[in-house]
file model_36.cif (mmCIF, C-alpha atoms and all ligand atoms)
data_target
loop_
_atom_site.label_atom_id
_atom_site.label_comp_id
_atom_site.auth_asym_id
_atom_site.auth_seq_id
_atom_site.Cartn_x
_atom_site.Cartn_y
_atom_site.Cartn_z
CA MET F 71 -17.72 -39.93 71.70
CA THR F 72 -15.48 -41.36 74.41
CA THR F 73 -11.77 -40.85 73.80
CA ILE F 74 -9.74 -44.06 73.78
CA TYR F 75 -5.99 -43.56 73.93
CA THR F 76 -3.83 -46.12 72.15
CA ALA F 77 -0.16 -46.95 72.64
CA GLU F 78 0.57 -45.12 69.36
CA ALA F 79 -0.79 -41.92 70.92
CA ALA F 80 1.90 -41.98 73.58
CA ASP F 81 5.62 -41.33 73.34
CA LEU F 82 8.02 -42.62 75.99
CA ALA F 83 10.47 -39.90 74.89
CA GLU F 84 8.26 -37.43 76.78
CA LEU F 85 9.89 -38.80 79.93
CA GLU F 86 13.45 -38.95 78.65
CA GLY F 87 15.84 -38.06 81.45
CA ALA F 88 13.01 -37.75 83.97
CA THR F 89 13.42 -39.09 87.47
CA ILE F 90 10.53 -41.34 88.43
CA ALA F 91 9.52 -42.27 91.96
CA VAL F 92 7.10 -45.07 92.75
CA ILE F 93 5.56 -44.51 96.17
CA GLY F 94 4.45 -47.75 97.81
CA TYR F 95 5.44 -51.29 96.93
CA GLY F 96 2.22 -53.26 97.33
CA ASN F 97 -0.41 -54.63 94.93
CA GLN F 98 0.13 -51.93 92.31
CA GLY F 99 3.45 -50.39 93.40
CA ARG F 100 5.59 -53.45 92.74
CA PRO F 101 4.16 -54.20 89.25
CA TRP F 102 4.39 -50.52 88.26
CA ALA F 103 8.02 -50.29 89.39
CA LEU F 104 8.98 -53.50 87.57
CA ASN F 105 7.11 -52.55 84.39
CA LEU F 106 8.56 -49.03 84.34
CA ARG F 107 12.06 -50.45 84.78
CA ASP F 108 11.53 -52.99 82.01
CA SER F 109 10.32 -50.14 79.79
CA GLY F 110 13.72 -48.50 80.25
CA PHE F 111 13.18 -46.04 83.10
CA ALA F 112 15.30 -45.61 86.21
CA VAL F 113 12.86 -45.89 89.09
CA SER F 114 13.36 -45.20 92.76
CA VAL F 115 10.94 -46.89 95.12
CA CYS F 116 9.87 -44.68 98.01
CA VAL F 117 8.60 -46.61 101.01
CA ARG F 118 8.43 -46.62 104.76
CA ALA F 119 11.24 -48.48 106.52
CA ASP F 120 9.69 -51.92 106.77
CA GLU F 121 9.21 -55.20 104.96
CA THR F 122 7.99 -53.76 101.65
CA ARG F 123 11.26 -51.84 101.53
CA GLU F 124 13.15 -55.13 101.81
CA ARG F 125 11.08 -56.58 99.00
CA ALA F 126 11.92 -53.64 96.76
CA VAL F 127 15.62 -53.98 97.54
CA ASP F 128 15.45 -57.75 96.88
CA ASP F 129 13.97 -56.90 93.46
CA GLY F 130 17.02 -54.74 92.77
CA PHE F 131 15.54 -51.29 93.36
CA GLU F 132 17.09 -48.45 95.20
CA ALA F 133 14.66 -47.88 98.08
CA ALA F 134 14.39 -44.39 99.47
CA PRO F 135 12.36 -42.67 102.20
CA LEU F 136 8.91 -41.37 101.23
CA GLU F 137 10.04 -37.72 101.48
CA THR F 138 12.55 -38.13 98.63
CA ALA F 139 9.66 -38.47 96.16
CA SER F 140 9.29 -34.69 96.50
CA ASP F 141 12.27 -34.27 94.17
CA ALA F 142 11.19 -36.70 91.44
CA ASP F 143 10.02 -35.29 88.11
CA VAL F 144 7.25 -37.90 88.17
CA ALA F 145 5.79 -39.40 91.35
CA CYS F 146 3.44 -42.39 90.97
CA ILE F 147 1.42 -42.68 94.17
CA LEU F 148 0.56 -46.32 94.83
CA ILE F 149 -0.58 -46.52 98.42
CA PRO F 150 -4.16 -46.93 99.71
CA ASP F 151 -6.36 -43.98 98.76
CA ASP F 152 -7.31 -43.05 102.31
CA VAL F 153 -3.69 -42.52 103.39
CA ILE F 154 -2.61 -40.49 100.34
CA PRO F 155 -3.56 -37.12 101.98
CA ALA F 156 -1.09 -37.76 104.83
CA LEU F 157 1.91 -38.46 102.55
CA PRO F 158 4.92 -36.40 103.66
CA ILE F 159 5.78 -35.15 100.17
CA GLU F 160 5.76 -31.74 98.51
CA ARG F 161 5.36 -31.36 94.77
CA LYS F 162 6.37 -28.50 92.48
CA ASP F 163 4.75 -26.75 89.51
CA ASP F 164 6.86 -28.42 86.82
CA GLN F 165 6.45 -31.94 88.21
CA LEU F 166 3.87 -34.59 87.41
CA THR F 167 2.03 -36.55 90.06
CA ILE F 168 0.15 -39.70 89.06
CA VAL F 169 -2.52 -41.53 91.05
CA ALA F 170 -3.89 -44.98 90.20
CA SER F 171 -7.48 -44.21 91.16
CA GLY F 172 -9.72 -41.16 90.92
CA TYR F 173 -10.73 -41.33 94.60
CA SER F 174 -8.37 -38.83 96.26
CA LEU F 175 -8.85 -36.26 93.47
CA ALA F 176 -12.60 -36.69 93.04
CA PHE F 177 -13.31 -36.21 96.73
CA GLU F 178 -10.74 -33.41 97.07
CA ARG F 179 -8.51 -35.24 99.51
CA PHE F 180 -5.33 -34.49 97.55
CA ALA F 181 -4.40 -31.43 95.48
CA PRO F 182 -0.64 -31.08 95.02
CA PRO F 183 0.73 -28.33 92.75
CA GLY F 184 1.95 -29.18 89.23
CA ASP F 185 0.53 -31.61 86.71
CA LEU F 186 -1.87 -34.15 88.14
CA GLY F 187 -2.86 -37.24 86.20
CA MET F 188 -4.72 -40.49 86.77
CA VAL F 189 -3.71 -43.85 85.31
CA ALA F 190 -6.11 -46.35 86.83
CA PRO F 191 -5.53 -49.97 85.75
CA ARG F 192 -8.68 -52.06 85.34
CA MET F 193 -6.65 -54.96 86.64
CA LEU F 194 -5.48 -56.39 89.96
CA GLY F 195 -1.87 -55.55 90.83
CA PRO F 196 -0.13 -58.89 90.18
CA GLU F 197 -1.97 -59.14 86.85
CA VAL F 198 -0.60 -55.70 85.91
CA ARG F 199 2.79 -57.40 85.99
CA SER F 200 1.72 -60.68 84.32
CA CYS F 201 -0.14 -58.91 81.49
CA TYR F 202 2.92 -56.73 80.85
CA GLN F 203 5.21 -59.77 80.78
CA GLU F 204 2.80 -61.62 78.48
CA GLY F 205 2.85 -58.60 76.18
CA VAL F 206 -0.93 -58.22 76.20
CA GLY F 207 -1.19 -55.26 78.55
CA PHE F 208 -4.48 -54.19 80.13
CA ILE F 209 -7.12 -51.46 79.96
CA THR F 210 -6.72 -48.29 82.01
CA ALA F 211 -8.79 -45.24 82.82
CA ILE F 212 -6.85 -42.08 81.98
CA GLY F 213 -7.65 -38.64 83.34
CA ILE F 214 -5.95 -35.27 83.61
CA HIS F 215 -7.01 -33.45 86.75
CA HIS F 216 -4.69 -30.47 86.41
CA ASP F 217 -2.41 -29.34 83.58
CA GLU F 218 0.10 -26.80 84.83
CA THR F 219 2.82 -27.30 82.21
CA GLY F 220 0.83 -28.05 79.06
CA ARG F 221 2.52 -31.48 79.06
CA ALA F 222 0.28 -33.24 81.59
CA LEU F 223 -1.50 -35.45 79.06
CA ALA F 224 1.63 -36.34 77.07
CA ARG F 225 3.54 -37.28 80.23
CA THR F 226 0.62 -39.16 81.77
CA LEU F 227 0.14 -41.18 78.57
CA ALA F 228 3.87 -42.00 78.55
CA ILE F 229 3.57 -43.45 82.07
CA ALA F 230 0.45 -45.38 81.07
CA LYS F 231 2.23 -46.80 78.02
CA ALA F 232 5.33 -47.70 80.03
CA ILE F 233 3.35 -49.85 82.47
CA GLY F 234 1.45 -51.61 79.66
CA GLY F 235 -1.73 -49.65 80.27
CA LEU F 236 -2.37 -48.53 76.70
CA ASP F 237 -1.88 -51.87 74.93
CA GLN F 238 -5.60 -52.55 75.15
CA GLY F 239 -6.65 -48.90 75.24
CA GLY F 240 -6.89 -46.15 77.82
CA ILE F 241 -10.42 -44.85 78.33
CA ALA F 242 -10.62 -41.13 79.05
CA LEU F 243 -12.49 -40.60 82.32
CA THR F 244 -12.52 -37.79 84.85
CA PRO F 245 -11.37 -38.81 88.32
CA MET F 246 -14.99 -38.44 89.52
CA GLN F 247 -16.26 -40.75 86.76
CA GLU F 248 -13.58 -43.30 87.59
CA ALA F 249 -14.26 -43.09 91.32
CA VAL F 250 -18.05 -43.37 90.93
CA LEU F 251 -17.70 -46.34 88.57
CA ASP F 252 -15.08 -48.12 90.65
CA LEU F 253 -16.86 -47.63 93.98
CA SER F 254 -20.21 -48.53 92.40
CA VAL F 255 -18.87 -51.87 91.18
CA GLU F 256 -17.77 -52.55 94.76
CA GLN F 257 -20.76 -51.11 96.62
CA LEU F 258 -23.69 -51.58 94.21
CA LEU F 259 -22.89 -54.41 91.84
CA SER F 260 -21.01 -56.72 94.18
CA PRO F 261 -23.68 -56.71 96.95
CA ALA F 262 -26.43 -57.08 94.32
CA LEU F 263 -24.70 -60.13 92.84
CA THR F 264 -24.14 -61.53 96.34
CA HIS F 265 -27.86 -61.12 97.02
CA VAL F 266 -28.76 -62.93 93.79
CA ASN F 267 -26.30 -65.75 94.51
CA ARG F 268 -27.61 -66.20 98.05
CA ALA F 269 -31.20 -66.35 96.83
CA PHE F 270 -30.16 -68.95 94.24
CA VAL F 271 -28.35 -71.06 96.85
CA ALA F 272 -31.38 -70.94 99.18
CA VAL F 273 -33.81 -72.02 96.44
CA MET F 274 -31.53 -74.84 95.24
CA LEU F 275 -31.06 -76.10 98.82
CA GLU F 276 -34.86 -76.18 99.14
CA GLN F 277 -34.81 -78.41 96.04
CA GLY F 278 -32.55 -80.87 97.90
CA ILE F 279 -29.46 -80.12 95.82
CA PRO F 280 -26.18 -80.48 97.74
CA LEU F 281 -24.28 -77.30 98.56
CA GLU F 282 -21.16 -78.70 96.86
CA ALA F 283 -23.02 -78.99 93.57
CA ILE F 284 -24.53 -75.52 93.86
CA LEU F 285 -21.17 -73.89 94.60
CA THR F 286 -19.68 -75.86 91.73
CA GLU F 287 -22.20 -74.22 89.41
CA LEU F 288 -21.59 -70.79 90.90
CA TYR F 289 -17.81 -70.76 90.77
CA LEU F 290 -15.92 -73.89 91.82
CA SER F 291 -15.97 -75.58 88.42
CA GLY F 292 -14.39 -72.56 86.76
CA GLU F 293 -17.10 -72.73 84.06
CA VAL F 294 -18.44 -69.30 84.89
CA GLU F 295 -15.04 -67.62 84.61
CA ARG F 296 -14.40 -69.39 81.31
CA ASN F 297 -17.79 -68.25 80.03
CA TYR F 298 -16.94 -64.69 80.98
CA ARG F 299 -13.64 -65.06 79.16
CA LEU F 300 -15.49 -66.17 76.05
CA LEU F 301 -17.87 -63.25 76.46
CA ARG F 302 -14.86 -60.93 76.37
CA GLU F 303 -13.09 -62.73 73.55
CA VAL F 304 -15.91 -63.50 71.10
CA GLY F 305 -18.89 -61.47 72.38
CA PHE F 306 -22.33 -62.47 73.67
CA SER F 307 -23.82 -63.73 70.40
CA ASP F 308 -20.97 -66.06 69.46
CA GLN F 309 -20.50 -67.50 72.94
CA LEU F 310 -24.24 -68.23 73.09
CA GLU F 311 -23.82 -70.65 70.18
CA LEU F 312 -21.59 -72.80 72.41
CA HIS F 313 -24.50 -73.49 74.80
CA SER F 314 -27.02 -76.25 74.07
CA PRO F 315 -30.26 -75.27 72.28
CA ALA F 316 -32.25 -75.90 75.49
CA SER F 317 -29.86 -73.68 77.38
CA GLN F 318 -30.06 -70.97 74.72
CA TYR F 319 -33.87 -71.11 74.73
CA GLY F 320 -34.11 -71.11 78.52
CA GLN F 321 -31.73 -68.20 78.97
CA LEU F 322 -33.42 -66.05 76.34
CA ALA F 323 -37.06 -67.00 76.98
CA ARG F 324 -36.78 -66.20 80.73
CA ARG F 325 -34.65 -63.10 80.27
CA GLY F 326 -37.21 -60.59 81.50
CA SER F 327 -38.39 -62.64 84.50
CA PHE F 328 -36.97 -60.23 87.07
CA ASP F 329 -37.76 -57.00 85.25
CA GLY F 330 -40.39 -56.11 87.86
CA LEU F 331 -37.75 -55.85 90.61
CA ASP F 332 -36.72 -52.24 90.97
CA ILE F 333 -33.03 -52.71 91.68
CA ALA F 334 -32.09 -49.51 89.86
CA SER F 335 -33.88 -47.29 92.43
CA LYS F 336 -31.85 -48.77 95.25
CA MET F 337 -28.69 -48.38 93.19
CA ARG F 338 -29.51 -44.71 92.47
CA GLU F 339 -29.91 -44.08 96.18
CA MET F 340 -26.58 -45.80 96.92
CA VAL F 341 -24.61 -44.08 94.15
CA GLU F 342 -25.63 -40.75 95.63
CA THR F 343 -23.76 -41.56 98.85
CA ILE F 344 -20.67 -42.07 96.69
CA ARG F 345 -20.97 -39.02 94.43
CA SER F 346 -21.88 -36.67 97.29
CA GLY F 347 -18.70 -37.62 99.16
CA ARG F 348 -20.62 -39.14 102.09
CA PHE F 349 -18.90 -42.49 101.58
CA ALA F 350 -15.49 -40.76 101.57
CA GLU F 351 -16.39 -39.11 104.89
CA GLU F 352 -17.49 -42.46 106.33
CA TRP F 353 -14.24 -44.08 105.15
CA ASP F 354 -12.14 -41.23 106.61
CA ALA F 355 -13.87 -41.72 109.97
CA GLU F 356 -13.22 -45.47 109.77
CA ARG F 357 -9.53 -44.81 109.03
CA ASP F 358 -9.24 -42.33 111.90
CA ALA F 359 -10.74 -44.91 114.30
CA GLY F 360 -8.23 -47.57 113.21
CA TYR F 361 -10.59 -49.54 110.89
CA PRO F 362 -12.67 -51.26 113.63
CA LYS F 363 -15.73 -51.85 111.43
CA LEU F 364 -13.67 -53.23 108.55
CA LYS F 365 -12.05 -55.75 110.90
CA GLU F 366 -15.44 -56.76 112.27
CA LEU F 367 -17.00 -57.09 108.80
CA LYS F 368 -14.10 -59.19 107.53
CA GLU F 369 -14.34 -61.50 110.51
CA THR F 370 -18.08 -61.95 109.95
CA HIS F 371 -18.11 -62.38 106.16
CA ALA F 372 -14.62 -63.61 105.29
CA GLY F 373 -13.24 -64.89 108.58
CA ALA F 374 -12.17 -68.25 109.97
CA GLY F 375 -15.65 -69.81 109.69
CA ILE F 376 -15.96 -69.07 105.97
CA ARG F 377 -12.36 -70.13 105.28
CA ALA F 378 -12.91 -73.49 107.00
CA LEU F 379 -16.19 -74.11 105.14
CA GLU F 380 -14.64 -73.29 101.77
CA ALA F 381 -11.48 -75.28 102.46
CA GLY F 382 -13.58 -78.33 103.42
CA ILE F 383 -15.64 -78.19 100.22
CA ARG F 384 -12.59 -77.61 98.04
CA ARG F 385 -10.79 -80.56 99.68
CA ARG F 386 -13.72 -82.89 99.18
CA LEU F 387 -14.03 -81.86 95.56
CA GLY F 388 -10.32 -82.34 95.01
CA ALA F 389 -10.02 -78.70 93.96
CA ASP F 390 -6.61 -78.43 95.63
CA ARG F 391 -5.17 -81.19 93.46
CA GLU F 392 -2.50 -80.05 91.06
CA ARG F 393 -3.89 -79.68 87.58
P1 LIG C 401 -1.64 -51.54 98.81
O1 LIG C 401 -2.50 -51.70 100.01
O2 LIG C 401 -1.15 -52.78 98.16
O3 LIG C 401 -0.40 -50.61 99.17
C1 LIG C 401 0.58 -51.09 99.97
C2 LIG C 401 1.76 -50.14 99.96
O4 LIG C 401 1.33 -48.88 100.51
C3 LIG C 401 2.87 -50.66 100.82
O5 LIG C 401 4.12 -50.33 100.26
C4 LIG C 401 2.61 -49.91 102.11
O6 LIG C 401 3.76 -49.75 102.87
C5 LIG C 401 2.18 -48.55 101.59
N1 LIG C 401 1.47 -47.80 102.61
C6 LIG C 401 0.36 -48.19 103.28
N2 LIG C 401 -0.01 -47.23 104.15
C7 LIG C 401 0.90 -46.24 104.02
C8 LIG C 401 1.07 -44.98 104.65
N3 LIG C 401 0.21 -44.55 105.59
N4 LIG C 401 2.13 -44.23 104.28
C9 LIG C 401 2.99 -44.65 103.35
N5 LIG C 401 2.90 -45.84 102.71
C10 LIG C 401 1.86 -46.61 103.05
O7 LIG C 401 -2.40 -50.59 97.77
P2 LIG C 401 -2.85 -50.95 96.30
O8 LIG C 401 -1.64 -51.21 95.48
O9 LIG C 401 -3.96 -51.94 96.33
O10 LIG C 401 -3.50 -49.55 95.84
C11 LIG C 401 -2.65 -48.49 95.45
C12 LIG C 401 -3.44 -47.58 94.52
O11 LIG C 401 -3.81 -48.31 93.35
C13 LIG C 401 -4.73 -47.05 95.12
O12 LIG C 401 -4.93 -45.76 94.65
C14 LIG C 401 -5.78 -47.99 94.55
O13 LIG C 401 -7.07 -47.42 94.48
C15 LIG C 401 -5.22 -48.21 93.15
N6 LIG C 401 -5.66 -49.42 92.48
C16 LIG C 401 -5.53 -50.63 93.09
C17 LIG C 401 -5.91 -51.79 92.44
C18 LIG C 401 -5.65 -53.15 93.04
O14 LIG C 401 -5.69 -54.12 92.30
N7 LIG C 401 -5.37 -53.28 94.33
C19 LIG C 401 -6.52 -51.74 91.10
C20 LIG C 401 -6.50 -50.45 90.50
C21 LIG C 401 -6.10 -49.32 91.18
P3 LIG C 401 3.90 -50.51 104.27
O15 LIG C 401 4.42 -51.86 103.92
O16 LIG C 401 4.85 -49.63 104.98
O17 LIG C 401 2.54 -50.55 104.92
#

call {"tool": "encode", "arguments": {"input": "model_36.cif", "output": "structure tokens"}}
result
Amino acid sequence: MTTIYTAEAADLAELEGATIAVIGYGNQGRPWALNLRDSGFAVSVCVRADETRERAVDDGFEAAPLETASDADVACILIPDDVIPALPIERKDDQLTIVASGYSLAFERFAPPGDLGMVAPRMLGPEVRSCYQEGVGFITAIGIHHDETGRALARTLAIAKAIGGLDQGGIALTPMQEAVLDLSVEQLLSPALTHVNRAFVAVMLEQGIPLEAILTELYLSGEVERNYRLLREVGFSDQLELHSPASQYGQLARRGSFDGLDIASKMREMVETIRSGRFAEEWDAERDAGYPKLKELKETHAGAGIRALEAGIRRRLGADRER
């Protein structure tokens, strides 16, 4: 049975008197620092000397150079996974180091001494802050990679609780499980859904339906995201009752229509490149070359052409109007 940690299982007193460093002040770093401070901890933000440092200072934090995180009892590492191995910090046996993703541990890119824990929010950075402020919290994946002191789990859970990451439960995962799942959502599920959406758009265009109407169905109306919200809040069976009988019948009667397509085989092949570490090697090489392929891919699939097309459709549909 999977272990789910609750807020009651964690005790903030485990970190009483501890010095806490948050390394990085980006998507996750800023929300973590703010949430930890609001939970009563003194946090120092360790950043390079640039604009994110100014942002941290504007938010009232004491900003310090990256190297000073070496002295903190707890260091939360919140910079992109591929640059974690090059961090100029040294950790000690009695300290705790926390990462927000299993990646660097699973693929053996980072192995500092001392306790090593993972608190991986299943939530985008700014939402980590909003959910904390709203008092609802968010789900996290919790893992202990190394327990040097016997207090790794207790201290890791205290950090998770302090950022709001146990309010909806912390799912126990190893860093490898977290990394495989996270990368698979990005590399298997997202491209598969893109493929399905593109096929749907092509077939609807063949039927003479305007692109604006198709994109409205896919995401512009907001109906899909609201349906997903209902799915989360009330479950599949109850949300189905909110659809018309024809819709219910159509969805259920055609359910198995694509069962003959062997998508799982392709996914199995792709997940192997993740688990074996081949993707991590590819991403290291991309980093070392200065991310040329990433820049090219973003220009092709999310560049000026796509932005202009989307902006035009949104304008015509009045989607930019204030609601
Ligand atoms: P960001 O890209 O937002 O991190 C930006 C911060 O990292 C900035 O402060 C930046 O400083 C600093 N930084 C970048 N490169 C370096 C470097 N070479 N040396 C030192 N500092 C550097 O990262 P995220 O917040 O998106 O991700 C942080 C961690 O959280 C990762 O482990 C990620 O997997 C995990 N995570 C992220 C989620 C998300 O929603 N984005 C969700 C769940 C987990 P500067 O301004 O100097 O560049």

call {"tool": "axis_aligned_box", "arguments": {"input": "model_36.cif", "around": "ligand LIG 401 (chain C)", "padding_each_side": "6 Å", "output": "JSON"}}
result
{"center_x": -1.1, "center_y": -49.2, "center_z": 98.0, "size_x": 23.9, "size_y": 21.9, "size_z": 27.1}

call {"tool": "residues_near_ligand", "arguments": {"input": "model_36.cif", "ligand": "ligand LIG 401 (chain C)", "cutoff": "6 Å", "atoms": "only C-alpha atoms and all ligand atoms", "output": "list in words"}}
result
Gly94, Tyr95, Gly96, Asn97, Gln98, Gly99, Val117, Arg118, Asp120, Glu121, Thr122, Leu148, Ile149, Pro150, Asp151, Val153, Ala170, Ser171, Ala190, Pro191, Arg192, Met193, Leu194 and Gly195 of chain F

call {"tool": "closest_residue", "arguments": {"input": "model_36.cif", "among": "F:Asp129, F:Ile93, F:Leu82, F:Arg179", "to": "F:Ala350", "atoms": "only C-alpha atoms"}}
result
F:Arg179

call {"tool": "atom_distance", "arguments": {"input": "model_36.cif", "atom1": "atom CA of F:Ser114", "atom2": "atom CA of F:Lys162"}}
result
18.1 Å

call {"tool": "atom_distance", "arguments": {"input": "model_36.cif", "atom1": "atom CA of F:Leu136", "atom2": "atom CA of F:Cys116"}}
result
4.7 Å

call {"tool": "atom_distance", "arguments": {"input": "model_36.cif", "atom1": "atom CA of F:His265", "atom2": "atom CA of F:Glu197"}}
result
27.9 Å

call {"tool": "closest_residue", "arguments": {"input": "model_36.cif", "among": "F:Leu259, F:Ala249, F:Ala176, F:Ala156", "to": "F:Arg357", "atoms": "only C-alpha atoms"}}
result
F:Ala156

call {"tool": "closest_residue", "arguments": {"input": "model_36.cif", "among": "F:Ala242, F:Leu301, F:Ile233, F:Ala80", "to": "F:Arg221", "atoms": "only C-alpha atoms"}}
result
F:Ala80

call {"tool": "residues_around", "arguments": {"input": "model_36.cif", "residues": "F:Met340", "least_positions_apart": "2", "cutoff": "12 Å", "atoms": "only C-alpha atoms", "output": "PyMOL selection string"}}
result
chain F and resi 250+253-259+261-262+333-338+342-349

call {"tool": "closest_residue", "arguments": {"input": "model_36.cif", "among": "F:Ile241, F:Leu223, F:Ala119, F:Gln247", "to": "F:Met71", "atoms": "all atoms listed in the file"}}
result
F:Ile241

call {"tool": "residues_around", "arguments": {"input": "model_36.cif", "residues": "F:Arg225", "least_positions_apart": "2", "cutoff": "10 Å", "atoms": "only C-alpha atoms", "output": "number ranges by chain"}}
result
F: 80-85, 144, 166-168, 185, 187, 220-223, 227-231

call {"tool": "closest_residue", "arguments": {"input": "model_36.cif", "among": "F:Val92, F:Leu300, F:Leu387, F:Leu322", "to": "F:Glu282", "atoms": "all atoms listed in the file"}}
result
F:Leu387

call {"tool": "residues_around", "arguments": {"input": "model_36.cif", "residues": "F:Gly130", "least_positions_apart": "6", "cutoff": "12 Å", "atoms": "only C-alpha atoms", "output": "short mmCIF file (atom, residue, chain, number, x, y, z; two decimals) with C-alpha atoms, in the frame of the given file"}}
result
data_model
loop_
_atom_site.label_atom_id
_atom_site.label_comp_id
_atom_site.auth_asym_id
_atom_site.auth_seq_id
_atom_site.Cartn_x
_atom_site.Cartn_y
_atom_site.Cartn_z
CA ARG F 100 5.59 -53.45 92.74
CA ALA F 103 8.02 -50.29 89.39
CA LEU F 104 8.98 -53.50 87.57
CA ARG F 107 12.06 -50.45 84.78
CA ALA F 112 15.30 -45.61 86.21
CA VAL F 113 12.86 -45.89 89.09
CA SER F 114 13.36 -45.20 92.76
CA VAL F 115 10.94 -46.89 95.12
CA ARG F 123 11.26 -51.84 101.53
CA GLU F 124 13.15 -55.13 101.81
#

call {"tool": "residues_around", "arguments": {"input": "model_36.cif", "residues": "F:Gln203", "least_positions_apart": "2", "cutoff": "12 Å", "atoms": "all atoms listed in the file", "output": "VMD selection string"}}
result
chain F and resid 101 to 102 104 to 106 108 to 109 196 to 201 205 to 208 233 to 234

call {"tool": "closest_residue", "arguments": {"input": "model_36.cif", "among": "F:Leu331, F:Met246, F:Ala139, F:Ala232", "to": "F:Gly110", "atoms": "only C-alpha atoms"}}
result
F:Ala232
